[in-house]
file coords.pdb (PDB, C-alpha atoms)
ATOM      1  CA  MET Q   1      52.883  13.633  92.201
ATOM      2  CA  GLY Q   2      51.099  12.615  95.431
ATOM      3  CA  ILE Q   3      47.701  10.950  95.627
ATOM      4  CA  ALA Q   4      46.052  14.226  96.593
ATOM      5  CA  GLU Q   5      47.000  15.701  93.194
ATOM      6  CA  ARG Q   6      45.793  12.701  91.183
ATOM      7  CA  VAL Q   7      42.395  11.821  89.835
ATOM      8  CA  LEU Q   8      41.316   8.501  91.283
ATOM      9  CA  ALA Q   9      38.500   6.386  89.864
ATOM     10  CA  TYR Q  10      34.967   7.755  90.386
ATOM     11  CA  GLY Q  11      36.090  11.314  91.075
ATOM     12  CA  GLY Q  12      37.372  14.349  89.207
ATOM     13  CA  GLY Q  13      34.860  14.233  86.357
ATOM     14  CA  ARG Q  14      34.312  17.235  84.116
ATOM     15  CA  LEU Q  15      30.613  17.503  84.968
ATOM     16  CA  ASP Q  16      29.511  20.920  86.253
ATOM     17  CA  ARG Q  17      27.062  20.062  89.037
ATOM     18  CA  ALA Q  18      25.280  23.385  88.420
ATOM     19  CA  GLY Q  19      23.849  23.723  91.912
ATOM     20  CA  ALA Q  20      22.007  26.945  91.033
ATOM     21  CA  LEU Q  21      19.786  25.045  88.575
ATOM     22  CA  ARG Q  22      18.581  22.494  91.106
ATOM     23  CA  THR Q  23      15.840  24.729  92.503
ATOM     24  CA  ASP Q  24      14.625  25.886  89.073
ATOM     25  CA  ALA Q  25      12.015  23.210  88.367
ATOM     26  CA  THR Q  26      10.770  24.967  85.238
ATOM     27  CA  ARG Q  27      14.242  25.072  83.706
ATOM     28  CA  LEU Q  28      14.937  21.438  84.618
ATOM     29  CA  ASP Q  29      11.696  20.337  82.953
ATOM     30  CA  ALA Q  30      12.706  22.250  79.821
ATOM     31  CA  LEU Q  31      16.171  20.701  79.836
ATOM     32  CA  LEU Q  32      14.666  17.215  79.934
ATOM     33  CA  ASP Q  33      13.053  17.895  76.572
ATOM     34  CA  GLU Q  34      16.141  19.264  74.822
ATOM     35  CA  SER Q  35      17.625  17.125  72.065
ATOM     36  CA  ASP Q  36      21.192  17.094  73.419
ATOM     37  CA  THR Q  37      20.202  16.189  76.970
ATOM     38  CA  VAL Q  38      21.758  12.966  78.284
ATOM     39  CA  VAL Q  39      19.651  10.594  80.406
ATOM     40  CA  LEU Q  40      21.470   7.677  82.057
ATOM     41  CA  PRO Q  41      19.282   4.731  83.107
ATOM     42  CA  LEU Q  42      20.138   2.599  86.130
ATOM     43  CA  TRP Q  43      18.442  -0.406  87.658
ATOM     44  CA  ARG Q  44      18.950  -1.252  91.344
ATOM     45  CA  ASP Q  45      22.438   0.262  91.477
ATOM     46  CA  ARG Q  46      23.440  -1.332  88.177
ATOM     47  CA  CYS Q  47      24.263   0.351  84.875
ATOM     48  CA  LEU Q  48      22.255  -0.639  81.818
ATOM     49  CA  VAL Q  49      24.678  -1.282  78.987
ATOM     50  CA  ASP Q  50      24.847  -2.216  75.328
ATOM     51  CA  GLY Q  51      27.854  -3.315  73.300
ATOM     52  CA  ASP Q  52      29.466   0.123  73.571
ATOM     53  CA  GLY Q  53      29.055   0.625  77.299
ATOM     54  CA  PRO Q  54      26.494   2.473  79.468
ATOM     55  CA  VAL Q  55      23.329   3.369  77.572
ATOM     56  CA  ARG Q  56      22.375   6.984  76.971
ATOM     57  CA  LEU Q  57      18.663   7.184  76.318
ATOM     58  CA  THR Q  58      17.219   8.745  73.202
ATOM     59  CA  ALA Q  59      14.559  11.422  73.752
ATOM     60  CA  GLU Q  60      11.743   8.937  73.049
ATOM     61  CA  ARG Q  61      13.105   6.255  75.353
ATOM     62  CA  ALA Q  62      13.915   8.850  78.019
ATOM     63  CA  SER Q  63      10.278  10.005  78.035
ATOM     64  CA  LEU Q  64       9.063   6.420  78.436
ATOM     65  CA  ALA Q  65      11.631   5.722  81.133
ATOM     66  CA  ARG Q  66      10.691   8.811  83.132
ATOM     67  CA  SER Q  67       7.047   7.775  83.112
ATOM     68  CA  ALA Q  68       7.991   4.402  84.595
ATOM     69  CA  ALA Q  69      10.796   5.625  86.839
ATOM     70  CA  GLY Q  70      11.053   5.717  90.572
ATOM     71  CA  GLU Q  71      13.031   8.964  90.415
ATOM     72  CA  THR Q  72      14.706  11.202  87.858
ATOM     73  CA  VAL Q  73      17.599  13.309  89.160
ATOM     74  CA  PHE Q  74      19.635  16.152  87.699
ATOM     75  CA  LEU Q  75      23.371  15.453  87.748
ATOM     76  CA  GLY Q  76      24.686  18.598  86.100
ATOM     77  CA  LEU Q  77      25.941  20.032  82.833
ATOM     78  CA  ASP Q  78      28.450  18.519  80.436
ATOM     79  CA  GLY Q  79      29.320  21.649  78.491
ATOM     80  CA  ASP Q  80      25.917  22.921  77.372
ATOM     81  CA  ALA Q  81      24.201  19.533  77.628
ATOM     82  CA  ALA Q  82      22.224  18.607  80.733
ATOM     83  CA  VAL Q  83      22.823  15.196  82.289
ATOM     84  CA  PHE Q  84      20.128  13.327  84.222
ATOM     85  CA  ALA Q  85      19.837   9.847  85.692
ATOM     86  CA  VAL Q  86      16.634   7.820  85.817
ATOM     87  CA  ASP Q  87      15.962   4.932  88.186
ATOM     88  CA  LEU Q  88      14.155   1.941  86.661
ATOM     89  CA  SER Q  89      14.333  -0.132  89.838
ATOM     90  CA  GLY Q  90      10.544  -0.390  90.012
ATOM     91  CA  LEU Q  91      10.621  -2.686  86.971
ATOM     92  CA  ASP Q  92      11.915  -6.209  86.831
ATOM     93  CA  GLU Q  93      15.378  -6.491  85.297
ATOM     94  CA  ARG Q  94      14.246  -7.727  81.888
ATOM     95  CA  SER Q  95      11.706  -4.911  81.510
ATOM     96  CA  ALA Q  96      14.260  -2.297  82.565
ATOM     97  CA  VAL Q  97      16.807  -3.607  80.049
ATOM     98  CA  GLU Q  98      14.240  -3.604  77.244
ATOM     99  CA  MET Q  99      12.922  -0.137  78.069
ATOM    100  CA  ALA Q 100      16.453   1.293  77.986
ATOM    101  CA  GLY Q 101      17.351  -0.452  74.738
ATOM    102  CA  ALA Q 102      20.180  -2.179  76.593
ATOM    103  CA  VAL Q 103      21.418  -5.750  76.483
ATOM    104  CA  ARG Q 104      22.106  -6.296  80.191
ATOM    105  CA  SER Q 105      22.755  -4.685  83.556
ATOM    106  CA  THR Q 106      26.133  -4.636  85.269
ATOM    107  CA  ASP Q 107      27.905  -3.077  88.227
ATOM    108  CA  VAL Q 108      29.770   0.195  87.702
ATOM    109  CA  ARG Q 109      32.938  -1.359  89.125
ATOM    110  CA  ALA Q 110      32.906  -4.044  86.466
ATOM    111  CA  LEU Q 111      33.017  -1.312  83.798
ATOM    112  CA  VAL Q 112      35.725   0.918  85.213
ATOM    113  CA  GLY Q 113      38.442  -0.537  82.980
ATOM    114  CA  ARG Q 114      36.386   0.320  79.883
ATOM    115  CA  LEU Q 115      35.332   3.834  80.902
ATOM    116  CA  ASP Q 116      37.346   7.026  80.892
ATOM    117  CA  ALA Q 117      37.620   8.985  84.129
ATOM    118  CA  ASP Q 118      34.649  11.209  83.298
ATOM    119  CA  GLY Q 119      32.446   8.277  82.356
ATOM    120  CA  ALA Q 120      33.230   6.363  85.543
ATOM    121  CA  ALA Q 121      32.703   9.465  87.688
ATOM    122  CA  VAL Q 122      29.245  10.272  86.319
ATOM    123  CA  GLN Q 123      28.044   6.659  86.508
ATOM    124  CA  ALA Q 124      29.174   6.372  90.133
ATOM    125  CA  TYR Q 125      27.583   9.743  90.958
ATOM    126  CA  ALA Q 126      24.278   8.607  89.453
ATOM    127  CA  ARG Q 127      24.459   5.292  91.292
ATOM    128  CA  GLY Q 128      25.065   6.898  94.673
ATOM    129  CA  LEU Q 129      22.335   9.521  94.337
ATOM    130  CA  LEU Q 130      19.668   7.111  93.115
ATOM    131  CA  HIS Q 131      20.579   4.607  95.833
ATOM    132  CA  TRP Q 132      20.003   7.306  98.453
ATOM    133  CA  HIS Q 133      16.551   8.080  97.071
ATOM    134  CA  ARG Q 134      15.487   4.451  97.300
ATOM    135  CA  GLN Q 135      16.629   4.325 100.934
ATOM    136  CA  GLN Q 136      15.107   7.663 101.975
ATOM    137  CA  ARG Q 137      11.416   7.264 101.149
ATOM    138  CA  TYR Q 138      10.313   8.274 104.623
ATOM    139  CA  CYS Q 139      11.288  10.802 107.245
ATOM    140  CA  GLY Q 140      13.386   9.315 110.017
ATOM    141  CA  THR Q 141      11.909  11.780 112.532
ATOM    142  CA  CYS Q 142       8.138  11.372 112.109
ATOM    143  CA  GLY Q 143       7.771   8.544 109.574
ATOM    144  CA  ALA Q 144       5.857  10.557 107.001
ATOM    145  CA  THR Q 145       6.538  10.217 103.282
ATOM    146  CA  ALA Q 146       9.459  12.278 101.983
ATOM    147  CA  VAL Q 147       9.166  13.726  98.469
ATOM    148  CA  ILE Q 148      11.911  14.571  96.002
ATOM    149  CA  GLY Q 149      12.980  18.152  95.320
ATOM    150  CA  GLY Q 150      15.978  20.253  94.396
ATOM    151  CA  GLY Q 151      16.548  18.369  91.169
ATOM    152  CA  GLY Q 152      16.999  15.189  93.193
ATOM    153  CA  HIS Q 153      19.390  16.575  95.801
ATOM    154  CA  VAL Q 154      16.928  16.899  98.675
ATOM    155  CA  ARG Q 155      13.814  15.179  99.971
ATOM    156  CA  THR Q 156      11.215  16.978 102.076
ATOM    157  CA  CYS Q 157       9.131  15.380 104.795
ATOM    158  CA  THR Q 158       5.393  15.793 104.137
ATOM    159  CA  GLY Q 159       4.456  15.549 107.827
ATOM    160  CA  ALA Q 160       2.266  18.516 108.765
ATOM    161  CA  GLU Q 161       4.219  19.259 111.929
ATOM    162  CA  CYS Q 162       7.640  18.236 110.639
ATOM    163  CA  GLY Q 163       8.686  19.253 107.129
ATOM    164  CA  ARG Q 164      12.269  18.177 107.730
ATOM    165  CA  LEU Q 165      14.706  18.549 104.836
ATOM    166  CA  LEU Q 166      16.672  15.385 104.100
ATOM    167  CA  PHE Q 167      19.960  15.529 102.212
ATOM    168  CA  PRO Q 168      22.174  12.772 100.774
ATOM    169  CA  ARG Q 169      24.545  11.445 103.419
ATOM    170  CA  ILE Q 170      28.184  10.532 102.981
ATOM    171  CA  GLU Q 171      29.802   7.816 105.097
ATOM    172  CA  PRO Q 172      33.497   8.671 105.548
ATOM    173  CA  ALA Q 173      36.007   5.891 106.077
ATOM    174  CA  ILE Q 174      39.756   5.943 106.603
ATOM    175  CA  ILE Q 175      42.173   3.625 104.828
ATOM    176  CA  VAL Q 176      45.737   3.457 106.092
ATOM    177  CA  LEU Q 177      49.136   2.283 104.973
ATOM    178  CA  VAL Q 178      50.989   1.604 108.220
ATOM    179  CA  GLU Q 179      54.795   1.521 108.156
ATOM    180  CA  ALA Q 180      56.980  -0.319 110.651
ATOM    181  CA  PRO Q 181      59.386   1.660 112.815
ATOM    182  CA  GLY Q 182      63.003   1.498 111.720
ATOM    183  CA  ARG Q 183      64.555  -0.356 108.812
ATOM    184  CA  PRO Q 184      64.166  -2.185 106.521
ATOM    185  CA  GLY Q 185      61.019  -0.451 105.260
ATOM    186  CA  ARG Q 186      57.944  -2.581 105.830
ATOM    187  CA  CYS Q 187      54.202  -2.003 105.594
ATOM    188  CA  LEU Q 188      51.402  -3.776 107.427
ATOM    189  CA  LEU Q 189      48.850  -5.738 105.403
ATOM    190  CA  ALA Q 190      46.052  -7.852 106.807
ATOM    191  CA  ARG Q 191      43.765 -10.662 105.754
ATOM    192  CA  HIS Q 192      40.148  -9.786 106.405
ATOM    193  CA  ALA Q 193      37.389 -12.178 107.419
ATOM    194  CA  GLY Q 194      36.066 -13.908 104.325
ATOM    195  CA  ALA Q 195      39.164 -13.165 102.240
ATOM    196  CA  ALA Q 196      41.123 -15.829 100.370
ATOM    197  CA  PRO Q 197      44.055 -17.408 102.272
ATOM    198  CA  ASP Q 198      46.682 -15.227 100.589
ATOM    199  CA  ALA Q 199      44.626 -12.060 100.067
ATOM    200  CA  TYR Q 200      46.156  -9.179 102.017
ATOM    201  CA  SER Q 201      45.140  -5.525 101.981
ATOM    202  CA  THR Q 202      45.579  -2.283 103.864
ATOM    203  CA  LEU Q 203      43.585  -1.559 107.011
ATOM    204  CA  ALA Q 204      40.440   0.559 106.945
ATOM    205  CA  GLY Q 205      37.406   1.501 108.998
ATOM    206  CA  PHE Q 206      34.511   3.916 109.290
ATOM    207  CA  VAL Q 207      34.743   7.246 111.079
ATOM    208  CA  GLU Q 208      32.543   7.439 114.171
ATOM    209  CA  VAL Q 209      30.470  10.312 115.556
ATOM    210  CA  GLY Q 210      32.596  12.860 117.397
ATOM    211  CA  GLU Q 211      35.839  11.686 115.777
ATOM    212  CA  SER Q 212      38.312  13.463 113.561
ATOM    213  CA  LEU Q 213      39.759  11.519 110.651
ATOM    214  CA  GLU Q 214      43.079  11.220 112.490
ATOM    215  CA  ASP Q 215      41.288   9.986 115.622
ATOM    216  CA  ALA Q 216      39.629   7.307 113.509
ATOM    217  CA  VAL Q 217      43.007   6.176 112.149
ATOM    218  CA  ARG Q 218      44.440   5.754 115.639
ATOM    219  CA  ARG Q 219      41.343   3.994 117.009
ATOM    220  CA  GLU Q 220      40.903   1.589 114.096
ATOM    221  CA  MET Q 221      44.558   0.558 114.085
ATOM    222  CA  ALA Q 222      44.399  -0.113 117.826
ATOM    223  CA  GLU Q 223      41.101  -2.015 117.657
ATOM    224  CA  GLU Q 224      41.815  -4.152 114.613
ATOM    225  CA  ALA Q 225      45.562  -4.769 114.807
ATOM    226  CA  GLY Q 226      46.514  -3.851 118.374
ATOM    227  CA  ILE Q 227      49.028  -1.227 117.269
ATOM    228  CA  THR Q 228      49.654   2.360 118.282
ATOM    229  CA  VAL Q 229      50.475   4.708 115.409
ATOM    230  CA  THR Q 230      52.068   8.137 115.123
ATOM    231  CA  ASP Q 231      52.845  10.527 112.243
ATOM    232  CA  VAL Q 232      49.328  10.204 110.808
ATOM    233  CA  THR Q 233      49.577  11.939 107.439
ATOM    234  CA  TYR Q 234      46.836  12.612 104.899
ATOM    235  CA  GLN Q 235      47.509  11.210 101.411
ATOM    236  CA  GLY Q 236      44.320  11.830  99.434
ATOM    237  CA  SER Q 237      40.659  10.901  99.153
ATOM    238  CA  GLN Q 238      38.387   9.026  96.795
ATOM    239  CA  ALA Q 239      34.681   9.107  96.047
ATOM    240  CA  TRP Q 240      33.349   5.625  96.758
ATOM    241  CA  PRO Q 241      29.547   5.672  96.260
ATOM    242  CA  PHE Q 242      29.075   1.955  96.961
ATOM    243  CA  PRO Q 243      26.686   2.959  98.330
ATOM    244  CA  ALA Q 244      27.751   6.238 100.003
ATOM    245  CA  GLY Q 245      31.387   6.110 100.995
ATOM    246  CA  LEU Q 246      34.210   8.615 100.958
ATOM    247  CA  MET Q 247      37.576   6.901 101.340
ATOM    248  CA  VAL Q 248      40.237   9.058 102.993
ATOM    249  CA  GLY Q 249      43.783   7.733 102.662
ATOM    250  CA  PHE Q 250      46.530   8.098 105.257
ATOM    251  CA  ARG Q 251      50.000   6.897 106.089
ATOM    252  CA  ALA Q 252      51.028   6.275 109.674
ATOM    253  CA  THR Q 253      53.988   4.789 111.541
ATOM    254  CA  ALA Q 254      53.622   2.066 114.167
ATOM    255  CA  THR Q 255      55.433   2.521 117.466
ATOM    256  CA  SER Q 256      56.093  -1.221 117.685
ATOM    257  CA  GLU Q 257      56.271  -4.223 115.374
ATOM    258  CA  GLU Q 258      54.006  -6.286 117.636
ATOM    259  CA  VAL Q 259      50.614  -6.965 116.026
ATOM    260  CA  ARG Q 260      47.500  -8.418 117.688
ATOM    261  CA  VAL Q 261      44.572  -8.849 115.322
ATOM    262  CA  ASP Q 262      41.023  -8.801 116.664
ATOM    263  CA  GLY Q 263      40.158 -12.202 115.149
ATOM    264  CA  GLU Q 264      36.832 -10.856 113.900
ATOM    265  CA  GLU Q 265      37.397  -8.251 111.212
ATOM    266  CA  LEU Q 266      41.040  -9.263 110.743
ATOM    267  CA  LEU Q 267      42.189 -12.873 110.800
ATOM    268  CA  GLU Q 268      45.907 -12.171 110.487
ATOM    269  CA  ALA Q 269      48.324  -9.355 109.727
ATOM    270  CA  ARG Q 270      51.987  -9.281 108.802
ATOM    271  CA  TRP Q 271      54.733  -6.921 107.751
ATOM    272  CA  PHE Q 272      55.754  -6.863 104.076
ATOM    273  CA  THR Q 273      58.996  -5.472 102.672
ATOM    274  CA  ARG Q 274      59.131  -3.804  99.282
ATOM    275  CA  ALA Q 275      60.807  -6.937  97.954
ATOM    276  CA  ASP Q 276      57.842  -8.975  99.218
ATOM    277  CA  LEU Q 277      55.397  -6.742  97.371
ATOM    278  CA  ARG Q 278      57.437  -6.786  94.168
ATOM    279  CA  GLU Q 279      57.408 -10.565  94.325
ATOM    280  CA  ARG Q 280      53.618 -10.556  94.682
ATOM    281  CA  VAL Q 281      53.245  -8.240  91.694
ATOM    282  CA  ALA Q 282      55.612 -10.391  89.626
ATOM    283  CA  SER Q 283      53.513 -13.466  90.432
ATOM    284  CA  GLY Q 284      50.393 -11.789  89.038
ATOM    285  CA  ARG Q 285      48.745 -10.618  92.253
ATOM    286  CA  THR Q 286      47.277  -7.114  92.370
ATOM    287  CA  LEU Q 287      48.005  -4.758  95.230
ATOM    288  CA  GLY Q 288      44.540  -3.640  96.282
ATOM    289  CA  ARG Q 289      41.585  -3.075  93.949
ATOM    290  CA  VAL Q 290      42.842  -1.440  90.746
ATOM    291  CA  ASP Q 291      40.074   1.186  90.959
ATOM    292  CA  ALA Q 292      40.583   1.952  94.657
ATOM    293  CA  ILE Q 293      42.794   4.261  96.676
ATOM    294  CA  ASP Q 294      44.534   1.382  98.483
ATOM    295  CA  HIS Q 295      46.047   0.349  95.142
ATOM    296  CA  ARG Q 296      47.586   3.809  94.859
ATOM    297  CA  LEU Q 297      48.741   3.858  98.484
ATOM    298  CA  LEU Q 298      50.549   0.563  98.031
ATOM    299  CA  HIS Q 299      52.151   1.398  94.699
ATOM    300  CA  ASP Q 300      53.353   4.775  95.966
ATOM    301  CA  TRP Q 301      54.905   3.094  98.978
ATOM    302  CA  LEU Q 302      56.463   0.438  96.744
ATOM    303  CA  ALA Q 303      58.016   3.194  94.643
ATOM    304  CA  GLY Q 304      59.422   4.749  97.793
ATOM    305  CA  SER Q 305      57.388   7.965  97.450
TER     306      SER Q 305
END

call {"tool": "encode", "arguments": {"input": "coords.pdb", "output": "C-alpha cells"}}
result
Amino acid sequence: MGIAERVLAYGGGRLDRAGALRTDATRLDALLDESDTVVLPLWRDRCLVDGDGPVRLTAERASLARSAAGETVFLGLDGDAAVFAVDLSGLDERSAVEMAGAVRSTDVRALVGRLDADGAAVQAYARGLLHWHRQQRYCGTCGATAVIGGGGHVRTCTGAECGRLLFPRIEPAIIVLVEAPGRPGRCLLARHAGAAPDAYSTLAGFVEVGESLEDAVRREMAEEAGITVTDVTYQGSQAWPFPAGLMVGFRATATSEEVRVDGEELLEARWFTRADLRERVASGRTLGRVDAIDHRLLHDWLAGS
C-alpha cells in the first residue's frame, strides 16, 4: 500500500464536516445546548488535558467557556453528535486550565502517540482553525474588524465599502525523498540549520505563487542542495496544521550525485544507502518525525517500495 492510500497522522478522521450546517446559525445554537454535543477547549494552540487525554467539556463548563471564549467554531458531526472547539486564549493559562477542568495544557504533537487517528485529526483540525481566527481579526484590504461567521469557517470584513469575505488559508509545502542515479540505491538526507550534528532529514520547502507542486520540487532541490531532479512522482499528502500547512510528499531522481548545499537552510547533505539507514534505526535513531510524512517516505524507501 502506497502513502496515498494510508491514513497519516492528523488526517482521515471520521468527522463529517457537515458544511451545509455552517450557515444555519439557529441550528448551530441549538446543537450547542444538546447533551451529547462535544466541546473541545484549546488555549493558544495547546490542548487542555486531564489524566485521560484531551478534555471534553460538560454542558455546564462549555457554557462558561463560551462566555469567556475568543471564538467558538463548529467542527462537524461525529455520528449524531455535534463537535465544537472553543478558544480560551483570552485567559491566562492557569485560568483556562481551571475553567476547562483540566490539569495542564500541551501541544497536540506531544499527544499523538496516545490518541487514535480520529482523536489526533480532530484536535489538529481545531488547533488550525482557532489559530487562523486569532490571526485574522482584521481585514487585510481595508483594516476594518472582521467578524466570525459560517460556523467559524469564514470571517467578514465590517468595512462599509469593503465587506470582503476571508477564508482559512492553507500553506502548501513539498517534502521530497531524492534518490541518486544508478546503483547502489541511495537517498539524499540533509542537516538543517539548528539541527543536532547527526540529525538528517528529507528536503522540503514551501510552494510559491505561480508554481505547481512539481515546479516547487525542482526549484527547492536546486536552491537548497544544488541538484537537478527528474521523475518527480507524487507519493501522498498530510494535513499539517502547525499552524496551516499541507505537506505534499514526492519522490524524485537526481541527475547527478554532486551536491552543493546553500549553507543557510541546509548545512550539509549526503547520500545514504539502505544499509546506512538500517544501521541508524538499529542504533535507536528515528527516521523523520514519527507523526510526519517524511517518516513514511523514508520507511517506504527503506523497504524498497

call {"tool": "closest_atom_pairs", "arguments": {"input": "coords.pdb", "of": "segment 11-76 of chain Q", "to": "segment 142-154 of chain Q", "cutoff": "12 Å", "atoms": "all atoms listed in the file", "output": "tab-separated table"}}
result
residue	atom	partner	partner_atom	distance
Q:Arg17	CA	Q:His153	CA	10.8
Q:Ala18	CA	Q:Gly151	CA	10.4
Q:Gly19	CA	Q:Gly150	CA	9.0
Q:Ala20	CA	Q:Gly150	CA	9.6
Q:Leu21	CA	Q:Gly151	CA	7.9
Q:Arg22	CA	Q:Gly151	CA	4.6
Q:Thr23	CA	Q:Gly150	CA	4.9
Q:Asp24	CA	Q:Gly150	CA	7.9
Q:Ala25	CA	Q:Gly151	CA	7.2
Q:Thr26	CA	Q:Gly151	CA	10.6
Q:Arg27	CA	Q:Gly151	CA	10.3
Q:Leu28	CA	Q:Gly151	CA	7.4
Q:Asp29	CA	Q:Gly151	CA	9.7
Q:Leu31	CA	Q:Gly151	CA	11.6
Q:Leu32	CA	Q:Gly151	CA	11.4
Q:Gly70	CA	Q:Ile148	CA	10.4
Q:Glu71	CA	Q:Gly152	CA	7.9
Q:Thr72	CA	Q:Gly152	CA	7.0
Q:Val73	CA	Q:Gly152	CA	4.5
Q:Phe74	CA	Q:Gly151	CA	5.1
Q:Leu75	CA	Q:Gly151	CA	8.2
Q:Gly76	CA	Q:Gly151	CA	9.6

call {"tool": "axis_aligned_box", "arguments": {"input": "coords.pdb", "around": "segment 260-266 of chain Q", "padding_each_side": "6 Å", "output": "AutoDock Vina command-line options"}}
result
--center_x 42.2 --center_y -10.2 --center_z 114.2 --size_x 22.7 --size_y 16.0 --size_z 18.9

call {"tool": "resolve_selection", "arguments": {"input": "coords.pdb", "expression": "the PyMOL selection byres ((chain Q and resi 236-249) around 10)", "output": "PyMOL selection string"}}
result
chain Q and resi 2-12+45+108-109+121+123-132+168-177+204-207+213+217+233-235+250-251+291-294+296-297

call {"tool": "resolve_selection", "arguments": {"input": "coords.pdb", "expression": "the PyMOL selection byres ((chain Q and resi 114-118) around 7)", "output": "PDB file with C-alpha atoms, keeping the file's coordinate frame"}}
result
ATOM      1  CA  ALA Q   9      38.500   6.386  89.864  1.00  0.00           C
ATOM      2  CA  TYR Q  10      34.967   7.755  90.386  1.00  0.00           C
ATOM      3  CA  GLY Q  13      34.860  14.233  86.357  1.00  0.00           C
ATOM      4  CA  ARG Q  14      34.312  17.235  84.116  1.00  0.00           C
ATOM      5  CA  LEU Q 111      33.017  -1.312  83.798  1.00  0.00           C
ATOM      6  CA  VAL Q 112      35.725   0.918  85.213  1.00  0.00           C
ATOM      7  CA  GLY Q 113      38.442  -0.537  82.980  1.00  0.00           C
ATOM      8  CA  GLY Q 119      32.446   8.277  82.356  1.00  0.00           C
ATOM      9  CA  ALA Q 120      33.230   6.363  85.543  1.00  0.00           C
ATOM     10  CA  ALA Q 121      32.703   9.465  87.688  1.00  0.00           C
ATOM     11  CA  VAL Q 122      29.245  10.272  86.319  1.00  0.00           C
TER      12      VAL Q 122
END

call {"tool": "atom_distance", "arguments": {"input": "coords.pdb", "atom1": "atom CA of Gly284 of chain Q", "atom2": "atom CA of Pro184 of chain Q"}}
result
24.2 Å

call {"tool": "closest_residue", "arguments": {"input": "coords.pdb", "among": "Q:Leu165, Q:Ala282, Q:Leu287, Q:Ile227", "to": "Glu258 of chain Q", "atoms": "only C-alpha atoms"}}
result
Q:Ile227

call {"tool": "resolve_selection", "arguments": {"input": "coords.pdb", "expression": "the PyMOL selection byres ((chain Q and resi 42) around 9)", "output": "PyMOL selection string"}}
result
chain Q and resi 40-41+43-48+85-89+96+105+123+126-127+130

call {"tool": "residues_around", "arguments": {"input": "coords.pdb", "residues": "Leu266 of chain Q", "least_positions_apart": "6", "cutoff": "8 Å", "atoms": "only C-alpha atoms", "output": "PyMOL selection string"}}
result
chain Q and resi 190-193+224-225

call {"tool": "write_last_selection", "arguments": {"input": "coords.pdb", "atoms": "C-alpha atoms", "output": "mmCIF file, in the frame of the given file"}}
result
data_model
loop_
_atom_site.group_PDB
_atom_site.id
_atom_site.type_symbol
_atom_site.label_atom_id
_atom_site.label_comp_id
_atom_site.auth_asym_id
_atom_site.auth_seq_id
_atom_site.Cartn_x
_atom_site.Cartn_y
_atom_site.Cartn_z
ATOM 1 C CA ALA Q 190 46.052 -7.852 106.807
ATOM 2 C CA ARG Q 191 43.765 -10.662 105.754
ATOM 3 C CA HIS Q 192 40.148 -9.786 106.405
ATOM 4 C CA ALA Q 193 37.389 -12.178 107.419
ATOM 5 C CA GLU Q 224 41.815 -4.152 114.613
ATOM 6 C CA ALA Q 225 45.562 -4.769 114.807
#

call {"tool": "atom_distance", "arguments": {"input": "coords.pdb", "atom1": "atom CA of Asp33 of chain Q", "atom2": "atom CA of Asp80 of chain Q"}}
result
13.8 Å

call {"tool": "closest_residue", "arguments": {"input": "coords.pdb", "among": "Q:Ala180, Q:Ala82, Q:Val281, Q:Cys187", "to": "Leu15 of chain Q", "atoms": "all atoms listed in the file"}}
result
Q:Ala82

call {"tool": "atom_distance", "arguments": {"input": "coords.pdb", "atom1": "atom CA of Gly140 of chain Q", "atom2": "atom CA of Glu208 of chain Q"}}
result
19.7 Å

call {"tool": "closest_residue", "arguments": {"input": "coords.pdb", "among": "Q:Arg218, Q:Arg280, Q:Arg164, Q:Arg61", "to": "Val178 of chain Q", "atoms": "all atoms listed in the file"}}
result
Q:Arg218

call {"tool": "closest_residue", "arguments": {"input": "coords.pdb", "among": "Q:Ala69, Q:Cys139, Q:Leu189, Q:Val49", "to": "Leu298 of chain Q", "atoms": "all atoms listed in the file"}}
result
Q:Leu189

call {"tool": "closest_residue", "arguments": {"input": "coords.pdb", "among": "Q:Ala199, Q:Trp271, Q:Asp50, Q:Gly159", "to": "Arg183 of chain Q", "atoms": "all atoms listed in the file"}}
result
Q:Trp271
